[in-house]
$ cat work_26.cif   # mmCIF, C-alpha atoms and all ligand atoms
data_coords
#
loop_
_atom_site.label_atom_id
_atom_site.label_comp_id
_atom_site.auth_asym_id
_atom_site.auth_seq_id
_atom_site.Cartn_x
_atom_site.Cartn_y
_atom_site.Cartn_z
CA MET A 1 137.74 -41.60 -17.43
CA PHE A 2 137.02 -41.39 -13.71
CA ASP A 3 139.62 -40.45 -11.13
CA LEU A 4 138.55 -43.16 -8.70
CA LEU A 5 136.15 -46.11 -8.90
CA ILE A 6 134.94 -47.98 -5.80
CA GLN A 7 133.66 -51.32 -7.08
CA GLY A 8 131.19 -53.80 -5.65
CA GLY A 9 130.69 -52.40 -2.14
CA THR A 10 127.55 -52.78 -0.05
CA LEU A 11 126.02 -49.45 0.97
CA PRO A 12 124.39 -48.94 4.41
CA ASP A 13 120.96 -49.45 2.75
CA GLY A 14 122.01 -52.98 1.75
CA THR A 15 122.29 -52.39 -2.01
CA GLN A 16 125.45 -53.30 -3.91
CA GLN A 17 126.78 -50.37 -5.94
CA ASP A 18 129.81 -49.04 -7.78
CA ILE A 19 130.73 -45.44 -6.98
CA ALA A 20 132.56 -43.26 -9.52
CA ILE A 21 134.46 -40.16 -8.43
CA THR A 22 135.74 -37.26 -10.51
CA GLY A 23 137.71 -34.53 -8.76
CA ASP A 24 136.16 -34.10 -5.32
CA ARG A 25 132.63 -35.16 -6.34
CA ILE A 26 130.68 -38.40 -6.62
CA THR A 27 129.71 -38.47 -10.31
CA GLU A 28 127.90 -41.80 -10.65
CA ILE A 29 126.39 -44.52 -8.47
CA ALA A 30 125.07 -47.67 -10.13
CA PRO A 31 125.15 -51.47 -9.67
CA LYS A 32 127.71 -51.75 -12.50
CA ILE A 33 129.61 -48.75 -13.85
CA GLU A 34 131.39 -49.23 -17.19
CA GLY A 35 134.48 -47.18 -17.88
CA SER A 36 137.98 -46.91 -16.61
CA ALA A 37 139.50 -44.97 -13.76
CA PHE A 38 142.98 -43.89 -12.74
CA GLU A 39 142.51 -45.81 -9.50
CA VAL A 40 140.18 -48.70 -8.68
CA VAL A 41 139.30 -49.96 -5.18
CA ASP A 42 137.76 -53.45 -4.98
CA ALA A 43 135.19 -53.25 -2.18
CA THR A 44 133.41 -56.51 -3.01
CA GLY A 45 131.80 -57.90 0.14
CA ASP A 46 132.72 -54.82 2.18
CA LEU A 47 130.56 -52.03 3.61
CA VAL A 48 130.95 -48.64 1.93
CA SER A 49 129.71 -45.83 4.15
CA PRO A 50 129.76 -42.05 4.14
CA PRO A 51 132.46 -40.87 6.55
CA PHE A 52 132.09 -40.74 10.31
CA VAL A 53 131.19 -37.40 11.89
CA ASP A 54 131.91 -36.33 15.47
CA PRO A 55 129.58 -33.52 16.63
CA HIS A 56 131.27 -32.98 20.00
CA PHE A 57 135.00 -32.97 20.74
CA HIS A 58 137.72 -31.04 22.59
CA LEU A 59 140.67 -30.83 20.22
CA ASP A 60 142.55 -28.25 22.30
CA ALA A 61 142.85 -30.73 25.19
CA THR A 62 143.26 -34.03 23.35
CA LEU A 63 146.32 -36.31 23.80
CA SER A 64 147.29 -34.50 27.01
CA TYR A 65 146.43 -37.33 29.43
CA GLY A 66 148.55 -37.16 32.58
CA GLN A 67 149.52 -33.49 32.12
CA PRO A 68 150.00 -31.97 34.63
CA ARG A 69 148.82 -35.18 36.41
CA VAL A 70 146.02 -37.72 36.10
CA ASN A 71 142.45 -37.06 37.26
CA ALA A 72 142.39 -39.02 40.54
CA SER A 73 138.70 -38.58 41.39
CA GLY A 74 137.53 -39.20 37.81
CA THR A 75 135.07 -36.31 38.04
CA LEU A 76 134.13 -33.54 35.63
CA LEU A 77 135.14 -30.91 38.17
CA GLU A 78 138.66 -32.26 38.79
CA GLY A 79 139.06 -32.46 35.01
CA ILE A 80 138.12 -28.78 34.69
CA ASP A 81 140.70 -27.90 37.40
CA LEU A 82 143.45 -29.91 35.66
CA TRP A 83 142.67 -28.34 32.31
CA GLY A 84 142.78 -24.90 33.95
CA GLU A 85 146.42 -25.59 34.85
CA LEU A 86 147.35 -27.21 31.54
CA ARG A 87 145.97 -24.44 29.32
CA GLU A 88 148.28 -21.93 31.06
CA GLN A 89 151.34 -24.13 30.40
CA ALA A 90 150.55 -25.22 26.83
CA THR A 91 151.92 -23.18 23.94
CA VAL A 92 150.12 -22.68 20.64
CA GLU A 93 152.68 -25.03 19.10
CA ASP A 94 151.94 -27.77 21.70
CA MET A 95 148.22 -27.56 21.01
CA VAL A 96 148.67 -27.55 17.23
CA ASP A 97 150.98 -30.59 17.43
CA ARG A 98 148.59 -32.60 19.59
CA ALA A 99 145.58 -31.63 17.49
CA LEU A 100 147.27 -32.52 14.19
CA THR A 101 148.30 -35.91 15.59
CA TYR A 102 144.69 -36.52 16.62
CA CYS A 103 143.52 -35.50 13.14
CA ASP A 104 145.88 -38.16 11.71
CA TRP A 105 144.14 -40.70 13.94
CA ALA A 106 140.75 -39.40 12.85
CA ALA A 107 141.67 -39.60 9.16
CA SER A 108 142.84 -43.19 9.62
CA MET A 109 139.43 -44.03 11.16
CA GLY A 110 137.40 -42.36 8.42
CA LEU A 111 136.34 -39.60 10.83
CA LEU A 112 136.29 -36.69 8.39
CA ALA A 113 134.15 -34.01 10.08
CA ILE A 114 134.55 -32.83 13.67
CA ARG A 115 132.84 -30.12 15.68
CA THR A 116 135.27 -29.18 18.43
CA HIS A 117 134.70 -26.92 21.39
CA VAL A 118 137.57 -24.51 22.04
CA ASP A 119 138.13 -23.01 25.47
CA THR A 120 137.73 -19.23 25.29
CA THR A 121 138.28 -18.57 29.01
CA PRO A 122 141.89 -17.31 29.18
CA ASP A 123 142.67 -13.80 27.96
CA HIS A 124 145.52 -15.15 25.79
CA LEU A 125 143.11 -17.25 23.70
CA ARG A 126 146.00 -19.50 22.66
CA GLY A 127 143.63 -22.42 22.15
CA VAL A 128 141.58 -20.38 19.68
CA THR A 129 144.70 -19.28 17.79
CA ALA A 130 145.89 -22.91 17.65
CA MET A 131 142.57 -24.40 16.52
CA LEU A 132 142.10 -21.78 13.77
CA GLU A 133 145.52 -22.83 12.48
CA VAL A 134 144.56 -26.51 12.65
CA ARG A 135 141.21 -25.91 10.88
CA GLU A 136 143.15 -24.43 7.95
CA ALA A 137 145.86 -27.14 7.99
CA VAL A 138 143.42 -30.09 7.77
CA LYS A 139 140.80 -28.58 5.46
CA ASP A 140 141.67 -30.86 2.53
CA TYR A 141 140.69 -33.97 4.52
CA ILE A 142 138.75 -32.97 7.67
CA ASP A 143 135.93 -30.43 7.97
CA LEU A 144 136.60 -28.85 11.35
CA GLN A 145 133.98 -26.66 13.05
CA LEU A 146 134.99 -24.60 16.08
CA VAL A 147 132.67 -23.79 18.99
CA ALA A 148 133.50 -20.85 21.28
CA PHE A 149 133.35 -22.59 24.66
CA PRO A 150 133.55 -20.49 27.85
CA GLN A 151 134.80 -23.45 29.92
CA ASP A 152 134.88 -21.58 33.25
CA GLY A 153 131.51 -19.91 32.68
CA LEU A 154 130.28 -17.00 30.58
CA TYR A 155 129.74 -14.95 33.77
CA ARG A 156 131.69 -16.92 36.37
CA ALA A 157 135.08 -16.38 34.73
CA ALA A 158 136.68 -12.95 34.56
CA ASN A 159 136.23 -11.65 30.99
CA GLY A 160 134.27 -14.82 30.11
CA ARG A 161 131.74 -13.03 27.90
CA GLU A 162 134.24 -10.61 26.38
CA ASN A 163 136.65 -13.42 25.44
CA LEU A 164 133.87 -15.50 23.88
CA LEU A 165 132.98 -12.51 21.67
CA ARG A 166 136.67 -12.03 20.78
CA ALA A 167 136.87 -15.68 19.72
CA LEU A 168 133.81 -15.28 17.50
CA ASP A 169 135.39 -12.17 15.96
CA MET A 170 138.51 -14.25 15.22
CA GLY A 171 136.44 -16.63 13.07
CA VAL A 172 135.08 -19.32 15.41
CA ASP A 173 131.96 -20.86 13.86
CA VAL A 174 129.51 -21.73 16.68
CA VAL A 175 128.38 -20.20 20.01
CA GLY A 176 128.92 -22.47 23.05
CA GLY A 177 128.21 -22.30 26.77
CA ILE A 178 128.12 -24.15 30.08
CA PRO A 179 125.07 -22.95 32.08
CA HIS A 180 125.31 -25.63 34.79
CA PHE A 181 128.78 -24.31 35.72
CA GLU A 182 127.68 -20.71 36.28
CA ARG A 183 127.42 -19.58 39.92
CA THR A 184 123.65 -19.99 40.22
CA MET A 185 120.75 -21.55 38.34
CA SER A 186 119.52 -18.06 37.45
CA ASP A 187 122.97 -17.09 36.11
CA GLY A 188 122.90 -20.29 34.05
CA ALA A 189 119.51 -19.45 32.55
CA ALA A 190 120.64 -15.87 31.87
CA SER A 191 123.76 -17.19 30.11
CA VAL A 192 121.60 -19.35 27.82
CA ARG A 193 119.45 -16.34 26.89
CA ASP A 194 122.53 -14.20 26.29
CA LEU A 195 124.26 -16.86 24.15
CA CYS A 196 121.18 -17.44 22.00
CA GLU A 197 120.87 -13.68 21.42
CA ILE A 198 124.54 -13.47 20.45
CA ALA A 199 123.99 -16.32 17.96
CA ALA A 200 120.84 -14.74 16.55
CA ASP A 201 122.63 -11.40 16.08
CA ARG A 202 125.56 -13.01 14.29
CA GLY A 203 123.63 -15.64 12.33
CA LEU A 204 125.53 -18.51 14.01
CA PRO A 205 124.52 -21.94 15.34
CA VAL A 206 124.47 -22.70 19.08
CA ASP A 207 125.91 -25.78 20.81
CA VAL A 208 125.83 -25.61 24.59
CA HIS A 209 127.25 -28.05 27.15
CA CYS A 210 123.89 -28.34 28.88
CA ASP A 211 122.97 -29.89 32.22
CA GLU A 212 126.05 -32.13 32.36
CA THR A 213 125.23 -33.12 35.92
CA ASP A 214 123.28 -35.72 37.89
CA ASP A 215 121.15 -32.96 39.46
CA PRO A 216 117.56 -33.35 38.19
CA GLN A 217 116.94 -29.69 39.04
CA SER A 218 119.43 -28.65 36.37
CA ARG A 219 116.87 -27.66 33.71
CA HIS A 220 118.75 -25.31 31.41
CA VAL A 221 117.65 -27.37 28.42
CA GLU A 222 114.17 -25.94 29.01
CA THR A 223 115.51 -22.38 28.68
CA LEU A 224 117.59 -23.40 25.67
CA ALA A 225 114.47 -24.72 23.90
CA ALA A 226 112.33 -21.71 24.86
CA GLU A 227 114.99 -19.21 23.70
CA THR A 228 115.42 -21.13 20.45
CA ILE A 229 111.72 -20.68 19.73
CA ARG A 230 111.61 -17.04 20.91
CA LEU A 231 114.50 -16.07 18.61
CA GLY A 232 113.49 -18.23 15.63
CA LEU A 233 116.64 -20.38 15.84
CA GLN A 234 114.87 -23.69 15.17
CA GLY A 235 117.18 -26.29 13.63
CA ARG A 236 120.35 -24.35 14.54
CA VAL A 237 120.67 -25.24 18.22
CA ALA A 238 122.12 -28.31 19.94
CA GLY A 239 122.23 -29.32 23.59
CA SER A 240 125.28 -31.45 24.39
CA HIS A 241 125.27 -34.06 27.19
CA LEU A 242 121.83 -33.32 28.79
CA THR A 243 122.69 -35.90 31.45
CA SER A 244 120.45 -34.42 34.17
CA MET A 245 117.49 -35.64 32.08
CA HIS A 246 118.24 -39.20 33.21
CA SER A 247 117.36 -38.21 36.78
CA MET A 248 114.43 -35.88 36.10
CA ASP A 249 110.89 -36.58 37.22
CA ASN A 250 108.99 -38.38 34.44
CA TYR A 251 106.07 -35.97 34.57
CA TYR A 252 108.39 -33.01 34.01
CA VAL A 253 110.08 -34.83 31.11
CA SER A 254 106.67 -35.48 29.52
CA LYS A 255 106.37 -31.67 29.18
CA LEU A 256 110.03 -31.09 28.28
CA LEU A 257 110.31 -33.50 25.33
CA PRO A 258 107.54 -31.84 23.24
CA LEU A 259 109.13 -28.44 23.96
CA MET A 260 112.49 -29.73 22.68
CA ALA A 261 110.78 -31.16 19.59
CA GLU A 262 108.99 -27.85 18.95
CA ALA A 263 112.34 -26.04 19.13
CA GLU A 264 113.91 -28.60 16.73
CA LEU A 265 116.68 -28.88 19.27
CA ALA A 266 119.35 -31.49 18.53
CA ALA A 267 120.74 -33.61 21.37
CA ILE A 268 124.35 -34.78 21.56
CA PRO A 269 124.97 -37.35 24.31
CA ASN A 270 128.59 -38.45 24.72
CA PRO A 271 128.31 -42.02 26.03
CA LEU A 272 131.99 -42.82 26.68
CA ILE A 273 132.37 -39.76 28.87
CA ASN A 274 128.87 -39.71 30.40
CA ILE A 275 129.15 -43.28 31.68
CA VAL A 276 132.54 -42.46 33.21
CA LEU A 277 131.91 -39.02 34.73
CA GLN A 278 128.31 -39.24 35.92
CA GLY A 279 127.08 -41.05 39.01
CA ARG A 280 130.34 -40.44 40.87
CA HIS A 281 128.45 -39.25 43.95
CA ASP A 282 126.10 -42.26 43.90
CA SER A 283 126.51 -45.40 45.95
CA PHE A 284 124.01 -48.03 44.79
CA PRO A 285 121.86 -48.10 42.76
CA LYS A 286 124.32 -46.14 40.60
CA ARG A 287 122.96 -44.06 37.72
CA ARG A 288 124.26 -44.58 34.18
CA GLY A 289 124.40 -40.87 33.43
CA LEU A 290 123.18 -41.03 29.84
CA THR A 291 120.30 -38.85 28.67
CA ARG A 292 116.99 -40.28 27.37
CA VAL A 293 118.09 -41.22 23.87
CA LYS A 294 115.33 -43.52 22.65
CA GLU A 295 112.63 -41.40 24.27
CA MET A 296 113.88 -38.31 22.44
CA GLN A 297 114.08 -40.17 19.15
CA ALA A 298 110.51 -41.39 19.60
CA MET A 299 109.48 -37.70 19.78
CA GLY A 300 111.29 -36.95 16.51
CA ILE A 301 114.19 -35.15 18.24
CA LYS A 302 117.50 -35.54 16.39
CA VAL A 303 120.04 -37.36 18.57
CA GLY A 304 123.66 -37.98 17.56
CA TRP A 305 126.49 -39.68 19.44
CA GLY A 306 129.51 -37.51 20.28
CA GLN A 307 132.99 -38.58 21.35
CA ASP A 308 133.88 -35.59 23.57
CA CYS A 309 137.35 -36.64 24.74
CA VAL A 310 140.36 -38.78 23.87
CA LEU A 311 143.28 -39.05 26.32
CA ASP A 312 142.70 -35.78 28.17
CA PRO A 313 141.93 -34.55 31.73
CA TRP A 314 138.42 -36.03 31.55
CA TYR A 315 138.95 -39.35 29.78
CA SER A 316 141.91 -41.70 29.88
CA LEU A 317 141.15 -43.79 26.78
CA GLY A 318 139.89 -43.33 23.21
CA THR A 319 141.09 -43.90 19.64
CA ALA A 320 139.17 -41.47 17.40
CA ASP A 321 136.87 -44.37 16.51
CA MET A 322 133.22 -43.30 16.25
CA LEU A 323 132.28 -46.99 16.21
CA ASP A 324 133.60 -47.22 19.80
CA VAL A 325 131.36 -44.29 20.68
CA ALA A 326 128.28 -45.84 19.06
CA PHE A 327 129.12 -49.23 20.61
CA MET A 328 129.14 -47.74 24.10
CA GLY A 329 125.98 -45.73 23.38
CA LEU A 330 124.21 -48.85 22.17
CA HIS A 331 124.98 -50.61 25.45
CA VAL A 332 124.21 -47.80 27.89
CA ALA A 333 120.97 -46.82 26.09
CA GLN A 334 120.08 -50.51 25.59
CA MET A 335 119.55 -50.04 21.84
CA THR A 336 119.74 -53.74 21.07
CA HIS A 337 116.89 -54.28 18.60
CA PRO A 338 118.36 -54.73 15.08
CA GLU A 339 116.73 -51.45 13.97
CA GLU A 340 118.15 -49.65 17.00
CA MET A 341 121.65 -51.06 16.41
CA ALA A 342 121.52 -49.93 12.79
CA ARG A 343 120.32 -46.52 13.99
CA CYS A 344 123.40 -46.23 16.22
CA PHE A 345 125.54 -46.47 13.05
CA THR A 346 123.37 -43.85 11.31
CA MET A 347 123.77 -41.57 14.35
CA VAL A 348 127.58 -41.41 13.96
CA THR A 349 127.30 -40.80 10.20
CA GLN A 350 124.18 -39.20 8.65
CA THR A 351 122.50 -37.85 11.80
CA ASN A 352 125.67 -36.22 13.12
CA ALA A 353 126.22 -34.67 9.67
CA GLU A 354 122.72 -33.18 9.81
CA ILE A 355 123.23 -31.89 13.36
CA ILE A 356 126.39 -29.97 12.48
CA GLY A 357 124.93 -28.82 9.16
CA LEU A 358 127.18 -30.50 6.57
CA GLN A 359 125.78 -29.59 3.16
CA ASP A 360 127.66 -31.88 0.75
CA TYR A 361 127.49 -35.06 2.81
CA GLY A 362 126.33 -38.54 1.79
CA LEU A 363 126.65 -41.23 -0.84
CA ARG A 364 124.76 -39.53 -3.69
CA VAL A 365 125.63 -38.07 -7.06
CA GLY A 366 126.92 -34.51 -6.65
CA ALA A 367 127.94 -34.95 -3.02
CA GLN A 368 131.47 -34.53 -1.76
CA ALA A 369 133.47 -37.66 -2.59
CA SER A 370 134.30 -38.75 0.95
CA LEU A 371 133.67 -42.32 2.09
CA VAL A 372 134.98 -45.27 4.08
CA VAL A 373 135.37 -48.91 3.02
CA LEU A 374 134.89 -51.08 6.11
CA ASP A 375 135.83 -54.72 6.68
CA ALA A 376 132.20 -55.58 7.54
CA ASN A 377 129.01 -56.98 5.99
CA ASP A 378 126.72 -54.16 7.07
CA PRO A 379 126.40 -51.33 9.65
CA VAL A 380 125.58 -53.61 12.59
CA ASP A 381 128.49 -55.94 11.75
CA ALA A 382 130.75 -52.87 11.55
CA LEU A 383 129.62 -51.79 15.02
CA ARG A 384 130.03 -55.25 16.50
CA GLN A 385 133.61 -55.61 15.24
CA ARG A 386 134.53 -51.89 15.35
CA ALA A 387 135.58 -52.92 11.86
CA ALA A 388 138.88 -52.04 10.21
CA ARG A 389 138.79 -49.13 7.77
CA ARG A 390 140.27 -50.74 4.67
CA VAL A 391 140.23 -47.54 2.63
CA VAL A 392 139.37 -43.93 3.52
CA VAL A 393 138.60 -41.45 0.73
CA ALA A 394 138.50 -37.71 1.56
CA LYS A 395 137.33 -35.19 -1.04
CA GLY A 396 138.18 -37.52 -3.91
CA LYS A 397 141.56 -38.78 -2.67
CA VAL A 398 142.54 -42.03 -0.93
CA ILE A 399 144.09 -40.80 2.33
CA ALA A 400 144.37 -43.99 4.43
CA ARG A 401 144.52 -47.77 4.07
CA SER A 402 144.45 -50.40 6.82
CA PRO A 403 144.71 -54.20 6.71
CA ARG A 404 141.70 -56.38 7.39
CA ALA A 405 141.32 -57.83 10.88
CA GLU A 406 142.55 -61.33 10.03
CA THR A 407 144.21 -63.87 12.28
CA GLN A 408 146.37 -66.85 11.38
CA LEU A 409 145.53 -69.86 13.53
CA THR A 410 147.81 -72.82 14.22
CA LEU A 411 145.29 -75.12 15.93
CA ALA A 412 145.36 -78.79 14.92
CA GLY A 413 142.21 -79.72 13.03
CA ARG A 414 140.95 -76.15 12.82
CA PRO A 415 141.04 -73.65 9.92
CA GLY A 416 144.35 -71.89 9.33
CA GLY A 417 142.90 -68.44 9.57
CA LEU A 418 139.76 -66.53 10.42
CA ARG A 419 137.87 -63.32 10.10
CA ARG A 420 135.20 -62.34 12.58
CA ARG A 421 132.39 -61.47 10.19
CA ALA A 422 128.89 -62.11 11.56
CA PRO A 423 126.75 -64.73 9.81
CA LYS A 424 124.26 -62.87 7.60
CA LEU A 425 120.68 -62.74 8.95
ZN ZN B 501 132.42 -31.46 25.93
#
$ encode --input "work_26.cif" --output "structure tokens"
Amino acid sequence: MFDLLIQGGTLPDGTQQDIAITGDRITEIAPKIEGSAFEVVDATGDLVSPPFVDPHFHLDATLSYGQPRVNASGTLLEGIDLWGELREQATVEDMVDRALTYCDWAASMGLLAIRTHVDTTPDHLRGVTAMLEVREAVKDYIDLQLVAFPQDGLYRAANGRENLLRALDMGVDVVGGIPHFERTMSDGAASVRDLCEIAADRGLPVDVHCDETDDPQSRHVETLAAETIRLGLQGRVAGSHLTSMHSMDNYYVSKLLPLMAEAELAAIPNPLINIVLQGRHDSFPKRRGLTRVKEMQAMGIKVGWGQDCVLDPWYSLGTADMLDVAFMGLHVAQMTHPEEMARCFTMVTQTNAEIIGLQDYGLRVGAQASLVVLDANDPVDALRQRAARRVVVAKGKVIARSPRAETQLTLAGRPGGLRRRAPKL
């Protein structure tokens, strides 16, 4: 007797399989599983995917749009100023409430693992206290990883380094940074070296906001890769954003990409935010602000799509839907070949899981029983529709159900209803 049986779904690889779940584990996957279950989900004709994973988010700031006022210039720097005011006003309770509401949204969208940066700048560290509480509160349905993020600079802010270390001592999981926001390029490079040494000493991963600027001279990713190699941190380090790479000289990039590959650096572009924040000082032609995604992938560098922000001082939209993120990334990076579109889906599932180091992830026997049933034929159809999540299963339990996207039509001579599935290729 199984606890849960998902019948007849199509997996991302195109095969049709039943999936049996016992406790919080996948116990069998086969085209036809005999045996009964306490609960059966009919997924015939639907896509069954491992859950969505977001490798880059700001849960301490989410759902705060308009507080204390909206970002009029639309720039990164005005967003940082606004957040600087908001974090002094917000209580731990405010931040926990907003974060838990966002986690409800995420659960409803099948987004079941999130790496969130947490601002460690203020001495009160209320954001850290709040996010540690949230990590514990959601652990039965969302795997939350916290990154110690010195938003105002490791060296530029008073007590920036000391407060980052305090946050790590409190139980934050990953070392973060923001070298392009330090006072000088040399301070930025020094901060990257310092952060990598802190991570090496403590046995932690690194995920740095890196070169989130249009300035092609912002080359901290080079230092990040070199320090990763020097300290033997290969496979544990990610560079988030990397937007300056879109404006760098091609000859320089031809040297940089192999260095990043040698360091096994992961890259996390955040297309919704990058397309909005970058290029604000340009007239025309206006740069897109997204890093070199396909070029990195061609070098074997792991690239995932991150969401970054939902309804906060930097971004005025967002729904916790990683398909929105991949959809925007697909457009801005021009990943329109069928293989590239399918890869965009893999980036917000499997690749992101690898980047943040999830051990029990995937649709395989013995893995954690977390999955999503989507109202779609296949991954590309799911992306195209930003398909409804019919059923979300987290650690063996159904935690969310949504209706299909169906419309009743009352047009003379036309069908009475429709779904927007793509014709199969
Ligand atoms: Zn960020």
$ closest_atom_pairs --input "work_26.cif" --of "stretch 116-214 of chain A" --to "stretch 240-262 of chain A" --cutoff "6 Å" --atoms "all atoms listed in the file" --output "tab-separated table"
residue	atom	partner	partner_atom	distance
A:Val208	CA	A:Ser240	CA	5.9
A:His209	CA	A:Ser240	CA	4.8
A:Cys210	CA	A:Leu242	CA	5.4
A:Asp211	CA	A:Leu242	CA	5.0
A:Glu212	CA	A:Thr243	CA	5.1
A:Thr213	CA	A:Ser244	CA	5.3
A:Asp214	CA	A:Ser244	CA	4.9
$ closest_residue --input "work_26.cif" --among "A:Gln297, A:Asn159, A:Ser316, A:Asn274" --to "A:Leu63" --atoms "all atoms listed in the file"
A:Ser316
$ residues_around --input "work_26.cif" --residues "A:Ile114" --least-positions-apart "5" --cutoff "12 Å" --atoms "all atoms listed in the file" --output "VMD selection string"
chain A and resid 51 to 59 99 102 to 103 106 to 107 131 134 to 135 138 to 139 141 to 147 306 to 308 320 322 348 to 349 352 to 353 355 to 358
$ atom_distance --input "work_26.cif" --atom1 "atom CA of A:Tyr361" --atom2 "atom CA of A:Glu340"
22.4 Å
$ atom_distance --input "work_26.cif" --atom1 "atom CA of A:Leu272" --atom2 "atom CA of A:Val293"
14.3 Å
$ atom_distance --input "work_26.cif" --atom1 "atom CA of A:Leu82" --atom2 "atom CA of A:Tyr315"
12.0 Å
$ residues_around --input "work_26.cif" --residues "A:Ile80" --least-positions-apart "3" --cutoff "10 Å" --atoms "all atoms listed in the file" --output "list in words"
Asn71, Thr75, Leu76, Leu77, Trp83, Gly84, Glu85, Leu86, Gln151, Asp152, Pro313 and Trp314 of chain A
$ write_last_selection --input "work_26.cif" --atoms "C-alpha atoms" --output "PDB file, in the coordinates of the input"
ATOM      1  CA  ASN A  71     142.450 -37.060  37.260  1.00  0.00           C
ATOM      2  CA  THR A  75     135.070 -36.310  38.040  1.00  0.00           C
ATOM      3  CA  LEU A  76     134.130 -33.540  35.630  1.00  0.00           C
ATOM      4  CA  LEU A  77     135.140 -30.910  38.170  1.00  0.00           C
ATOM      5  CA  TRP A  83     142.670 -28.340  32.310  1.00  0.00           C
ATOM      6  CA  GLY A  84     142.780 -24.900  33.950  1.00  0.00           C
ATOM      7  CA  GLU A  85     146.420 -25.590  34.850  1.00  0.00           C
ATOM      8  CA  LEU A  86     147.350 -27.210  31.540  1.00  0.00           C
ATOM      9  CA  GLN A 151     134.800 -23.450  29.920  1.00  0.00           C
ATOM     10  CA  ASP A 152     134.880 -21.580  33.250  1.00  0.00           C
ATOM     11  CA  PRO A 313     141.930 -34.550  31.730  1.00  0.00           C
ATOM     12  CA  TRP A 314     138.420 -36.030  31.550  1.00  0.00           C
TER      13      TRP A 314
END
